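Let me begin by presenting the structure, written as structure tokens, before commenting on it.
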Amino acid sequence: MEKSNRELNYKIALTGIFGALSLVLVFTHLGFISIGGFISITVMHIPTILVTILGGLVPGLGVGLIFGITSLINTVMNPVNPFFLNPMVSIVPRLLIPVVTWIVYRILNLIPKMPKILSGSVAAAFGTFANTFFVMGAIYILYGRELMEGMGGALSKMGFDVASLSGLKGYFAILACTMASNGIWEIVGAVVITVAVLSSLYLFKKGKSKLNKSGGAK
């Protein structure tokens with residue numbers, strides 16, 4: 001019973017900490033990183049990924065919900081991208097980030113002697129791709145014409161015949177364009193941050209364990 005309470009308190013604390021971090025990243029715009037002045041990536045989804053890896057699916061869904069709601073509120077306050085005024089774009093896809101992350105992480109951990117950092121980094125990559133995949137998918141389903149018009153120039157530069165794009169072909173063209181422009185960099189950023197966080201946590205736990213065994217901590 002005591003162990004169960006500790007686990008519950010741990011998950012509640014993780015949800016609170018990473019939920020607060022998600023709020024900060026969204027409302028302060030620190031969740032956007034500019035690289036070299038020509039690449040802009042978002043890291044706002046990373047708290048959702050990290051809490052899923054560290055705490056499981058339920059905390060991940062909690063932080064994903066916080067991320068989605070704050071994205072909606074931020075768009076209401078600053079409607080730069082009106083697509084996100086629709087909860088089907090701003091909230092629902094965020095709830096799928098922890099689902100994908102959790103599934104990939106759990107499957108990889110079934111492999112004997114799989115390093116947690118490696119499984120976490122791969123799960124972070126899939127979770128980041130899921131964010132792009134489902135957000136762009138929701139926008140394409142609901143606002144396909146407007147999205148195609150807005151990305152027409154970028155699609156043409158990549159060699160796509162915009163006039164012939166429709167249905168799944170149109171969506172995958174938009175997804176390819178998004179991944180080429182900043183999606184790949186977002187995956188790289190998520191993996192680097194996840195590896196850094198997990199490495200720090202595991203080193204801290206290892207050091208603490210050695211300290212306890214030596215009698216240096218009571």
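Identifiers in the structure tokens: chain A, B, ... in order shown; residue index from 1 per chain; ligand index from 1 in order shown.
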Residues within 9 Å of range 117-130 of chain A, please, as an mmCIF file with all heavy atoms, in the first residue's frame. Count only C-alpha atoms; anything in the same chain fewer than 4 positions from it doesn't count.
```
data_model
loop_
_atom_site.group_PDB
_atom_site.id
_atom_site.type_symbol
_atom_site.label_atom_id
_atom_site.label_comp_id
_atom_site.auth_asym_id
_atom_site.auth_seq_id
_atom_site.Cartn_x
_atom_site.Cartn_y
_atom_site.Cartn_z
ATOM 1 N N HIS A 45 6.462 20.142 -27.177
ATOM 2 C CA HIS A 45 5.925 18.802 -26.972
ATOM 3 C C HIS A 45 6.826 17.932 -26.110
ATOM 4 O O HIS A 45 6.413 16.861 -25.650
ATOM 5 C CB HIS A 45 5.733 18.114 -28.329
ATOM 6 C CG HIS A 45 7.012 17.989 -29.093
ATOM 7 N ND1 HIS A 45 7.627 19.073 -29.693
ATOM 8 C CD2 HIS A 45 7.814 16.915 -29.346
ATOM 9 C CE1 HIS A 45 8.748 18.664 -30.270
ATOM 10 N NE2 HIS A 45 8.878 17.368 -30.073
ATOM 11 N N ILE A 46 8.045 18.364 -25.869
ATOM 12 C CA ILE A 46 9.022 17.522 -25.183
ATOM 13 C C ILE A 46 8.640 17.209 -23.735
ATOM 14 O O ILE A 46 8.856 16.077 -23.274
ATOM 15 C CB ILE A 46 10.430 18.137 -25.296
ATOM 16 C CG1 ILE A 46 10.873 18.091 -26.769
ATOM 17 C CG2 ILE A 46 11.435 17.399 -24.415
ATOM 18 C CD1 ILE A 46 12.245 18.655 -27.040
ATOM 19 N N THR A 48 5.764 16.567 -22.609
ATOM 20 C CA THR A 48 4.811 15.456 -22.718
ATOM 21 C C THR A 48 5.537 14.141 -22.953
ATOM 22 O O THR A 48 5.197 13.106 -22.362
ATOM 23 C CB THR A 48 3.823 15.713 -23.875
ATOM 24 O OG1 THR A 48 3.150 16.961 -23.657
ATOM 25 C CG2 THR A 48 2.790 14.605 -23.972
ATOM 26 N N ILE A 49 6.550 14.179 -23.792
ATOM 27 C CA ILE A 49 7.330 12.972 -24.088
ATOM 28 C C ILE A 49 8.121 12.514 -22.854
ATOM 29 O O ILE A 49 8.108 11.332 -22.494
ATOM 30 C CB ILE A 49 8.283 13.234 -25.270
ATOM 31 C CG1 ILE A 49 7.482 13.366 -26.566
ATOM 32 C CG2 ILE A 49 9.327 12.121 -25.394
ATOM 33 C CD1 ILE A 49 8.295 13.798 -27.770
ATOM 34 N N LEU A 50 8.788 13.449 -22.202
ATOM 35 C CA LEU A 50 9.619 13.099 -21.049
ATOM 36 C C LEU A 50 8.796 12.523 -19.905
ATOM 37 O O LEU A 50 9.194 11.529 -19.277
ATOM 38 C CB LEU A 50 10.393 14.332 -20.569
ATOM 39 C CG LEU A 50 11.561 14.783 -21.447
ATOM 40 C CD1 LEU A 50 12.128 16.097 -20.947
ATOM 41 C CD2 LEU A 50 12.647 13.711 -21.479
ATOM 42 N N ILE A 53 7.825 8.942 -20.616
ATOM 43 C CA ILE A 53 8.939 8.006 -20.435
ATOM 44 C C ILE A 53 9.215 7.772 -18.948
ATOM 45 O O ILE A 53 9.450 6.648 -18.509
ATOM 46 C CB ILE A 53 10.202 8.538 -21.143
ATOM 47 C CG1 ILE A 53 9.990 8.547 -22.664
ATOM 48 C CG2 ILE A 53 11.432 7.710 -20.772
ATOM 49 C CD1 ILE A 53 11.091 9.254 -23.433
ATOM 50 N N PRO A 93 -4.619 16.027 -31.167
ATOM 51 C CA PRO A 93 -3.326 15.435 -31.567
ATOM 52 C C PRO A 93 -2.305 15.376 -30.443
ATOM 53 O O PRO A 93 -1.451 14.473 -30.416
ATOM 54 C CB PRO A 93 -2.850 16.373 -32.689
ATOM 55 C CG PRO A 93 -4.101 16.972 -33.233
ATOM 56 C CD PRO A 93 -4.976 17.157 -32.037
ATOM 57 N N ARG A 94 -2.402 16.312 -29.474
ATOM 58 C CA ARG A 94 -1.448 16.319 -28.356
ATOM 59 C C ARG A 94 -1.659 15.112 -27.446
ATOM 60 O O ARG A 94 -0.718 14.673 -26.762
ATOM 61 C CB ARG A 94 -1.593 17.605 -27.542
ATOM 62 C CG ARG A 94 -1.712 18.884 -28.332
ATOM 63 C CD ARG A 94 -0.563 19.127 -29.277
ATOM 64 N NE ARG A 94 -0.605 20.491 -29.778
ATOM 65 C CZ ARG A 94 0.224 20.981 -30.666
ATOM 66 N NH1 ARG A 94 1.172 20.208 -31.166
ATOM 67 N NH2 ARG A 94 0.131 22.234 -31.081
ATOM 68 N N LEU A 96 -2.305 12.223 -28.501
ATOM 69 C CA LEU A 96 -1.762 11.054 -29.194
ATOM 70 C C LEU A 96 -0.235 10.973 -29.074
ATOM 71 O O LEU A 96 0.347 9.916 -29.314
ATOM 72 C CB LEU A 96 -2.170 11.083 -30.668
ATOM 73 C CG LEU A 96 -3.689 10.992 -30.907
ATOM 74 C CD1 LEU A 96 -4.015 11.186 -32.374
ATOM 75 C CD2 LEU A 96 -4.224 9.645 -30.418
ATOM 76 N N ILE A 97 0.403 12.091 -28.694
ATOM 77 C CA ILE A 97 1.860 12.083 -28.497
ATOM 78 C C ILE A 97 2.255 11.070 -27.427
ATOM 79 O O ILE A 97 3.121 10.215 -27.660
ATOM 80 C CB ILE A 97 2.388 13.488 -28.131
ATOM 81 C CG1 ILE A 97 2.113 14.484 -29.243
ATOM 82 C CG2 ILE A 97 3.894 13.431 -27.825
ATOM 83 C CD1 ILE A 97 2.440 15.925 -28.856
ATOM 84 N N PRO A 98 1.650 11.133 -26.213
ATOM 85 C CA PRO A 98 2.046 10.161 -25.187
ATOM 86 C C PRO A 98 1.661 8.724 -25.531
ATOM 87 O O PRO A 98 2.355 7.791 -25.123
ATOM 88 C CB PRO A 98 1.303 10.649 -23.932
ATOM 89 C CG PRO A 98 0.165 11.453 -24.439
ATOM 90 C CD PRO A 98 0.689 12.110 -25.681
ATOM 91 N N VAL A 99 0.573 8.552 -26.279
ATOM 92 C CA VAL A 99 0.159 7.199 -26.663
ATOM 93 C C VAL A 99 1.238 6.540 -27.525
ATOM 94 O O VAL A 99 1.672 5.412 -27.263
ATOM 95 C CB VAL A 99 -1.186 7.222 -27.414
ATOM 96 C CG1 VAL A 99 -1.522 5.837 -27.949
ATOM 97 C CG2 VAL A 99 -2.305 7.716 -26.497
ATOM 98 N N VAL A 100 1.694 7.261 -28.553
ATOM 99 C CA VAL A 100 2.736 6.732 -29.434
ATOM 100 C C VAL A 100 4.045 6.546 -28.674
ATOM 101 O O VAL A 100 4.710 5.504 -28.792
ATOM 102 C CB VAL A 100 2.944 7.661 -30.647
ATOM 103 C CG1 VAL A 100 4.149 7.222 -31.470
ATOM 104 C CG2 VAL A 100 1.693 7.696 -31.516
ATOM 105 N N THR A 101 4.418 7.542 -27.873
ATOM 106 C CA THR A 101 5.661 7.468 -27.094
ATOM 107 C C THR A 101 5.648 6.264 -26.163
ATOM 108 O O THR A 101 6.628 5.504 -26.087
ATOM 109 C CB THR A 101 5.857 8.754 -26.271
ATOM 110 O OG1 THR A 101 5.881 9.889 -27.140
ATOM 111 C CG2 THR A 101 7.155 8.707 -25.482
ATOM 112 N N TRP A 102 4.554 6.087 -25.453
ATOM 113 C CA TRP A 102 4.427 4.997 -24.477
ATOM 114 C C TRP A 102 4.490 3.633 -25.153
ATOM 115 O O TRP A 102 5.183 2.723 -24.673
ATOM 116 C CB TRP A 102 3.119 5.154 -23.719
ATOM 117 C CG TRP A 102 2.882 4.121 -22.657
ATOM 118 C CD1 TRP A 102 3.431 4.059 -21.415
ATOM 119 C CD2 TRP A 102 2.009 2.980 -22.758
ATOM 120 N NE1 TRP A 102 2.965 2.957 -20.726
ATOM 121 C CE2 TRP A 102 2.081 2.283 -21.536
ATOM 122 C CE3 TRP A 102 1.174 2.505 -23.762
ATOM 123 C CZ2 TRP A 102 1.351 1.128 -21.289
ATOM 124 C CZ3 TRP A 102 0.439 1.351 -23.526
ATOM 125 C CH2 TRP A 102 0.534 0.675 -22.298
ATOM 126 N N ILE A 103 3.796 3.472 -26.271
ATOM 127 C CA ILE A 103 3.786 2.189 -26.986
ATOM 128 C C ILE A 103 5.189 1.829 -27.468
ATOM 129 O O ILE A 103 5.666 0.700 -27.273
ATOM 130 C CB ILE A 103 2.803 2.233 -28.177
ATOM 131 C CG1 ILE A 103 1.356 2.270 -27.673
ATOM 132 C CG2 ILE A 103 3.009 1.022 -29.096
ATOM 133 C CD1 ILE A 103 0.328 2.482 -28.769
ATOM 134 N N VAL A 104 5.867 2.792 -28.095
ATOM 135 C CA VAL A 104 7.217 2.527 -28.614
ATOM 136 C C VAL A 104 8.178 2.210 -27.468
ATOM 137 O O VAL A 104 8.974 1.257 -27.547
ATOM 138 C CB VAL A 104 7.730 3.731 -29.428
ATOM 139 C CG1 VAL A 104 9.197 3.551 -29.814
ATOM 140 C CG2 VAL A 104 6.874 3.938 -30.674
ATOM 141 N N TYR A 105 8.092 2.982 -26.396
ATOM 142 C CA TYR A 105 8.977 2.787 -25.245
ATOM 143 C C TYR A 105 8.766 1.414 -24.613
ATOM 144 O O TYR A 105 9.734 0.706 -24.292
ATOM 145 C CB TYR A 105 8.734 3.896 -24.220
ATOM 146 C CG TYR A 105 9.712 3.912 -23.069
ATOM 147 C CD1 TYR A 105 11.066 4.142 -23.283
ATOM 148 C CD2 TYR A 105 9.271 3.711 -21.759
ATOM 149 C CE1 TYR A 105 11.963 4.175 -22.225
ATOM 150 C CE2 TYR A 105 10.152 3.742 -20.699
ATOM 151 C CZ TYR A 105 11.496 3.972 -20.936
ATOM 152 O OH TYR A 105 12.389 4.001 -19.880
ATOM 153 N N ARG A 106 7.505 1.025 -24.448
ATOM 154 C CA ARG A 106 7.199 -0.269 -23.843
ATOM 155 C C ARG A 106 7.669 -1.425 -24.728
ATOM 156 O O ARG A 106 8.206 -2.419 -24.233
ATOM 157 C CB ARG A 106 5.685 -0.388 -23.596
ATOM 158 C CG ARG A 106 5.153 0.469 -22.458
ATOM 159 C CD ARG A 106 5.692 0.012 -21.119
ATOM 160 N NE ARG A 106 5.253 -1.336 -20.787
ATOM 161 C CZ ARG A 106 4.137 -1.629 -20.113
ATOM 162 N NH1 ARG A 106 3.323 -0.650 -19.721
ATOM 163 N NH2 ARG A 106 3.821 -2.878 -19.836
ATOM 164 N N ILE A 107 7.459 -1.306 -26.022
ATOM 165 C CA ILE A 107 7.883 -2.367 -26.943
ATOM 166 C C ILE A 107 9.399 -2.531 -26.921
ATOM 167 O O ILE A 107 9.923 -3.652 -26.843
ATOM 168 C CB ILE A 107 7.401 -2.074 -28.381
ATOM 169 C CG1 ILE A 107 5.871 -2.230 -28.463
ATOM 170 C CG2 ILE A 107 8.080 -2.995 -29.387
ATOM 171 C CD1 ILE A 107 5.291 -1.824 -29.789
ATOM 172 N N LEU A 108 10.122 -1.408 -26.966
ATOM 173 C CA LEU A 108 11.585 -1.475 -26.976
ATOM 174 C C LEU A 108 12.133 -2.057 -25.674
ATOM 175 O O LEU A 108 13.159 -2.749 -25.671
ATOM 176 C CB LEU A 108 12.172 -0.084 -27.217
ATOM 177 C CG LEU A 108 11.982 0.476 -28.622
ATOM 178 C CD1 LEU A 108 12.503 1.904 -28.701
ATOM 179 C CD2 LEU A 108 12.683 -0.392 -29.665
ATOM 180 N N ASN A 109 11.444 -1.769 -24.570
ATOM 181 C CA ASN A 109 11.915 -2.278 -23.281
ATOM 182 C C ASN A 109 11.663 -3.767 -23.100
ATOM 183 O O ASN A 109 12.116 -4.367 -22.115
ATOM 184 C CB ASN A 109 11.269 -1.498 -22.130
ATOM 185 C CG ASN A 109 11.915 -0.148 -21.948
ATOM 186 O OD1 ASN A 109 13.081 0.042 -22.257
ATOM 187 N ND2 ASN A 109 11.155 0.822 -21.457
ATOM 188 N N PHE A 134 0.056 13.987 -36.667
ATOM 189 C CA PHE A 134 -1.355 14.136 -36.301
ATOM 190 C C PHE A 134 -1.832 15.583 -36.367
ATOM 191 O O PHE A 134 -2.987 15.840 -36.734
ATOM 192 C CB PHE A 134 -1.596 13.545 -34.911
ATOM 193 C CG PHE A 134 -1.486 12.052 -34.875
ATOM 194 C CD1 PHE A 134 -0.501 11.431 -34.110
ATOM 195 C CD2 PHE A 134 -2.346 11.256 -35.612
ATOM 196 C CE1 PHE A 134 -0.392 10.047 -34.083
ATOM 197 C CE2 PHE A 134 -2.245 9.865 -35.590
ATOM 198 C CZ PHE A 134 -1.273 9.258 -34.828
ATOM 199 N N VAL A 135 -0.961 16.542 -36.025
ATOM 200 C CA VAL A 135 -1.362 17.947 -36.129
ATOM 201 C C VAL A 135 -1.593 18.320 -37.592
ATOM 202 O O VAL A 135 -2.631 18.891 -37.946
ATOM 203 C CB VAL A 135 -0.304 18.877 -35.495
ATOM 204 C CG1 VAL A 135 -0.586 20.337 -35.868
ATOM 205 C CG2 VAL A 135 -0.313 18.734 -33.982
ATOM 206 N N MET A 179 8.373 18.012 -42.806
ATOM 207 C CA MET A 179 9.508 17.287 -42.239
ATOM 208 C C MET A 179 10.825 17.834 -42.779
ATOM 209 O O MET A 179 11.813 17.964 -42.041
ATOM 210 C CB MET A 179 9.396 15.795 -42.552
ATOM 211 C CG MET A 179 8.244 15.087 -41.860
ATOM 212 S SD MET A 179 8.328 15.177 -40.055
ATOM 213 C CE MET A 179 9.854 14.293 -39.736
ATOM 214 N N GLY A 183 10.648 19.518 -39.425
ATOM 215 C CA GLY A 183 10.291 18.292 -38.713
ATOM 216 C C GLY A 183 11.484 17.453 -38.305
ATOM 217 O O GLY A 183 11.539 16.925 -37.179
ATOM 218 N N ILE A 184 12.449 17.296 -39.211
ATOM 219 C CA ILE A 184 13.645 16.508 -38.905
ATOM 220 C C ILE A 184 14.417 17.135 -37.754
ATOM 221 O O ILE A 184 14.895 16.439 -36.844
ATOM 222 C CB ILE A 184 14.555 16.387 -40.145
ATOM 223 C CG1 ILE A 184 13.865 15.573 -41.245
ATOM 224 C CG2 ILE A 184 15.893 15.753 -39.772
ATOM 225 C CD1 ILE A 184 13.588 14.139 -40.870
ATOM 226 N N GLU A 186 13.230 18.999 -35.398
ATOM 227 C CA GLU A 186 12.483 18.823 -34.157
ATOM 228 C C GLU A 186 12.727 17.438 -33.571
ATOM 229 O O GLU A 186 12.824 17.282 -32.352
ATOM 230 C CB GLU A 186 10.988 19.057 -34.407
ATOM 231 C CG GLU A 186 10.668 20.525 -34.660
ATOM 232 C CD GLU A 186 9.197 20.767 -34.960
ATOM 233 O OE1 GLU A 186 8.411 19.796 -34.935
ATOM 234 O OE2 GLU A 186 8.838 21.928 -35.220
ATOM 235 N N ILE A 187 12.829 16.437 -34.426
ATOM 236 C CA ILE A 187 13.144 15.089 -33.954
ATOM 237 C C ILE A 187 14.541 15.052 -33.351
ATOM 238 O O ILE A 187 14.753 14.493 -32.264
ATOM 239 C CB ILE A 187 13.018 14.069 -35.110
ATOM 240 C CG1 ILE A 187 11.550 13.878 -35.493
ATOM 241 C CG2 ILE A 187 13.646 12.733 -34.717
ATOM 242 C CD1 ILE A 187 11.332 12.976 -36.691
ATOM 243 N N VAL A 188 15.501 15.663 -34.041
ATOM 244 C CA VAL A 188 16.875 15.716 -33.529
ATOM 245 C C VAL A 188 16.916 16.426 -32.178
ATOM 246 O O VAL A 188 17.545 15.944 -31.215
ATOM 247 C CB VAL A 188 17.807 16.431 -34.529
ATOM 248 C CG1 VAL A 188 19.186 16.669 -33.900
ATOM 249 C CG2 VAL A 188 17.944 15.612 -35.807
ATOM 250 N N ALA A 190 14.475 16.796 -29.998
ATOM 251 C CA ALA A 190 13.806 15.987 -28.978
ATOM 252 C C ALA A 190 14.704 14.860 -28.488
ATOM 253 O O ALA A 190 14.769 14.576 -27.286
ATOM 254 C CB ALA A 190 12.499 15.415 -29.537
ATOM 255 N N VAL A 191 15.398 14.224 -29.413
ATOM 256 C CA VAL A 191 16.294 13.114 -29.048
ATOM 257 C C VAL A 191 17.450 13.623 -28.192
ATOM 258 O O VAL A 191 17.787 13.025 -27.158
ATOM 259 C CB VAL A 191 16.832 12.406 -30.310
ATOM 260 C CG1 VAL A 191 17.957 11.433 -29.948
ATOM 261 C CG2 VAL A 191 15.713 11.661 -31.020
ATOM 262 N N VAL A 192 18.055 14.737 -28.594
ATOM 263 C CA VAL A 192 19.193 15.293 -27.844
ATOM 264 C C VAL A 192 18.770 15.670 -26.425
ATOM 265 O O VAL A 192 19.456 15.338 -25.436
ATOM 266 C CB VAL A 192 19.769 16.528 -28.572
ATOM 267 C CG1 VAL A 192 20.763 17.274 -27.675
ATOM 268 C CG2 VAL A 192 20.443 16.109 -29.869
ATOM 269 N N ILE A 193 17.636 16.361 -26.293
ATOM 270 C CA ILE A 193 17.158 16.780 -24.971
ATOM 271 C C ILE A 193 16.788 15.568 -24.124
ATOM 272 O O ILE A 193 17.100 15.509 -22.928
ATOM 273 C CB ILE A 193 15.959 17.736 -25.112
ATOM 274 C CG1 ILE A 193 16.419 19.050 -25.741
ATOM 275 C CG2 ILE A 193 15.306 18.000 -23.753
ATOM 276 C CD1 ILE A 193 15.298 20.000 -26.091
ATOM 277 N N THR A 194 16.131 14.584 -24.723
ATOM 278 C CA THR A 194 15.734 13.384 -23.984
ATOM 279 C C THR A 194 16.950 12.618 -23.483
ATOM 280 O O THR A 194 16.999 12.182 -22.327
ATOM 281 C CB THR A 194 14.863 12.458 -24.872
ATOM 282 O OG1 THR A 194 13.677 13.161 -25.261
ATOM 283 C CG2 THR A 194 14.478 11.192 -24.124
ATOM 284 N N VAL A 195 17.949 12.454 -24.345
ATOM 285 C CA VAL A 195 19.187 11.767 -23.939
ATOM 286 C C VAL A 195 19.863 12.525 -22.797
ATOM 287 O O VAL A 195 20.326 11.910 -21.820
ATOM 288 C CB VAL A 195 20.148 11.625 -25.135
ATOM 289 C CG1 VAL A 195 21.530 11.175 -24.662
ATOM 290 C CG2 VAL A 195 19.594 10.629 -26.146
ATOM 291 N N LEU A 198 17.613 12.076 -19.522
ATOM 292 C CA LEU A 198 17.667 10.715 -18.999
ATOM 293 C C LEU A 198 19.065 10.364 -18.487
ATOM 294 O O LEU A 198 19.200 9.713 -17.443
ATOM 295 C CB LEU A 198 17.239 9.717 -20.077
ATOM 296 C CG LEU A 198 15.778 9.801 -20.545
ATOM 297 C CD1 LEU A 198 15.488 8.718 -21.579
ATOM 298 C CD2 LEU A 198 14.817 9.671 -19.372
ATOM 299 N N SER A 199 20.089 10.793 -19.198
ATOM 300 C CA SER A 199 21.466 10.526 -18.755
ATOM 301 C C SER A 199 21.722 11.164 -17.400
ATOM 302 O O SER A 199 22.314 10.545 -16.503
ATOM 303 C CB SER A 199 22.469 11.052 -19.779
ATOM 304 O OG SER A 199 22.325 10.410 -21.021
ATOM 305 N N TYR A 202 19.738 9.203 -14.645
ATOM 306 C CA TYR A 202 20.300 7.890 -14.340
ATOM 307 C C TYR A 202 21.657 8.001 -13.645
ATOM 308 O O TYR A 202 21.977 7.210 -12.754
ATOM 309 C CB TYR A 202 20.418 7.062 -15.615
ATOM 310 C CG TYR A 202 19.072 6.710 -16.213
ATOM 311 C CD1 TYR A 202 18.882 6.639 -17.590
ATOM 312 C CD2 TYR A 202 17.963 6.478 -15.390
ATOM 313 C CE1 TYR A 202 17.634 6.335 -18.138
ATOM 314 C CE2 TYR A 202 16.725 6.177 -15.925
ATOM 315 C CZ TYR A 202 16.570 6.106 -17.294
ATOM 316 O OH TYR A 202 15.338 5.809 -17.829
#
```
Exercise for the section: Return as a PyMOL selection string the full set of residues in range 69-215 of chain A whose backbone-based DSSP assignment is alpha helix (DSSP H). Expected result: chain A and resi 69-77+87-90+92-108+116-150+152-157+167-178+184-214
Selection file, C-alpha atoms, as a compact mmCIF listing (two decimals), in the first residue's frame:
```txt
# COMPACT_ATOMS: atom_id res chain seq x y z
CA ILE A 69 -5.33 23.46 -23.78
CA THR A 70 -2.55 26.02 -23.39
CA SER A 71 -1.98 25.93 -27.16
CA LEU A 72 -5.66 26.71 -27.67
CA ILE A 73 -5.66 29.52 -25.10
CA ASN A 74 -2.45 30.98 -26.53
CA THR A 75 -3.99 31.00 -30.01
CA VAL A 76 -7.10 32.77 -28.68
CA MET A 77 -4.85 35.43 -27.12
CA PRO A 87 -9.65 21.81 -30.42
CA MET A 88 -9.42 19.00 -32.96
CA VAL A 89 -6.13 20.58 -34.07
CA SER A 90 -4.79 22.08 -30.84
CA VAL A 92 -6.67 16.01 -29.75
CA PRO A 93 -3.33 15.43 -31.57
CA ARG A 94 -1.45 16.32 -28.36
CA LEU A 95 -3.16 13.43 -26.59
CA LEU A 96 -1.76 11.05 -29.19
CA ILE A 97 1.86 12.08 -28.50
CA PRO A 98 2.05 10.16 -25.19
CA VAL A 99 0.16 7.20 -26.66
CA VAL A 100 2.74 6.73 -29.43
CA THR A 101 5.66 7.47 -27.09
CA TRP A 102 4.43 5.00 -24.48
CA ILE A 103 3.79 2.19 -26.99
CA VAL A 104 7.22 2.53 -28.61
CA TYR A 105 8.98 2.79 -25.25
CA ARG A 106 7.20 -0.27 -23.84
CA ILE A 107 7.88 -2.37 -26.94
CA LEU A 108 11.59 -1.48 -26.98
CA LYS A 116 16.74 2.82 -21.17
CA ILE A 117 18.39 5.86 -22.73
CA LEU A 118 18.29 4.27 -26.18
CA SER A 119 14.67 3.18 -25.88
CA GLY A 120 13.78 6.62 -24.51
CA SER A 121 15.50 8.45 -27.35
CA VAL A 122 13.78 6.31 -30.00
CA ALA A 123 10.43 6.80 -28.27
CA ALA A 124 11.09 10.57 -28.23
CA ALA A 125 11.74 10.50 -31.98
CA PHE A 126 8.48 8.66 -32.64
CA GLY A 127 6.57 10.93 -30.25
CA THR A 128 7.87 14.02 -32.01
CA PHE A 129 6.98 12.61 -35.41
CA ALA A 130 3.52 11.75 -34.05
CA ASN A 131 3.04 15.41 -33.08
CA THR A 132 3.79 16.56 -36.62
CA PHE A 133 1.88 13.69 -38.24
CA PHE A 134 -1.35 14.14 -36.30
CA VAL A 135 -1.36 17.95 -36.13
CA MET A 136 -0.78 18.31 -39.86
CA GLY A 137 -3.24 15.51 -40.50
CA ALA A 138 -5.96 17.25 -38.49
CA ILE A 139 -5.32 20.55 -40.28
CA TYR A 140 -5.36 18.83 -43.66
CA ILE A 141 -8.64 17.03 -42.95
CA LEU A 142 -10.38 20.14 -41.62
CA TYR A 143 -8.74 22.92 -43.64
CA GLY A 144 -7.14 21.17 -46.61
CA ARG A 145 -7.73 23.92 -49.18
CA GLU A 146 -6.41 26.70 -46.95
CA LEU A 147 -3.39 24.61 -45.95
CA MET A 148 -2.59 23.75 -49.57
CA GLU A 149 -2.81 27.42 -50.56
CA GLY A 150 -0.57 28.47 -47.68
CA GLY A 152 1.80 26.03 -52.23
CA GLY A 153 5.07 27.92 -52.69
CA ALA A 154 7.05 25.54 -50.48
CA LEU A 155 5.53 22.51 -52.20
CA SER A 156 6.44 23.90 -55.63
CA LYS A 157 10.03 24.48 -54.54
CA GLY A 167 -6.34 13.16 -50.89
CA LEU A 168 -3.57 11.10 -49.30
CA LYS A 169 -1.13 12.21 -51.98
CA GLY A 170 -1.67 15.83 -50.98
CA TYR A 171 -1.33 15.06 -47.27
CA PHE A 172 1.92 13.12 -47.64
CA ALA A 173 3.32 15.89 -49.85
CA ILE A 174 2.55 18.41 -47.09
CA LEU A 175 3.99 16.07 -44.46
CA ALA A 176 7.18 15.63 -46.51
CA CYS A 177 7.48 19.40 -46.90
CA THR A 178 6.98 19.95 -43.17
CA ILE A 184 13.65 16.51 -38.90
CA TRP A 185 15.27 19.16 -36.73
CA GLU A 186 12.48 18.82 -34.16
CA ILE A 187 13.14 15.09 -33.95
CA VAL A 188 16.88 15.72 -33.53
CA GLY A 189 16.18 18.31 -30.83
CA ALA A 190 13.81 15.99 -28.98
CA VAL A 191 16.29 13.11 -29.05
CA VAL A 192 19.19 15.29 -27.84
CA ILE A 193 17.16 16.78 -24.97
CA THR A 194 15.73 13.38 -23.98
CA VAL A 195 19.19 11.77 -23.94
CA ALA A 196 20.54 14.66 -21.85
CA VAL A 197 17.70 14.50 -19.32
CA LEU A 198 17.67 10.71 -19.00
CA SER A 199 21.47 10.53 -18.75
CA SER A 200 21.46 13.12 -15.97
CA LEU A 201 18.71 11.32 -14.05
CA TYR A 202 20.30 7.89 -14.34
CA LEU A 203 23.73 9.21 -13.36
CA PHE A 204 22.16 10.95 -10.35
CA LYS A 205 20.36 7.75 -9.29
CA LYS A 206 23.52 5.71 -9.77
CA GLY A 207 25.58 8.15 -7.72
CA LYS A 208 22.95 8.25 -5.00
CA SER A 209 22.80 4.46 -4.89
CA LYS A 210 26.60 4.21 -4.48
CA LEU A 211 26.48 6.85 -1.75
CA ASN A 212 23.84 4.93 0.16
CA LYS A 213 25.80 1.68 -0.13
CA SER A 214 28.94 3.38 1.21
```
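In this structure, CA of Pro79 in chain A sits 17.5 Å away from CA of Met44 in chain A.
Note that the spacing between CA of Leu25 in chain A and CA of Pro47 in chain A amounts to 9.3 Å.
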Problem - Gap from CA of Pro82 in chain A to CA of Ser164 in chain A - Å, one decimal - result: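 Separation of CA of Pro82 in chain A and CA of Ser164 in chain A: 26.0 Å.
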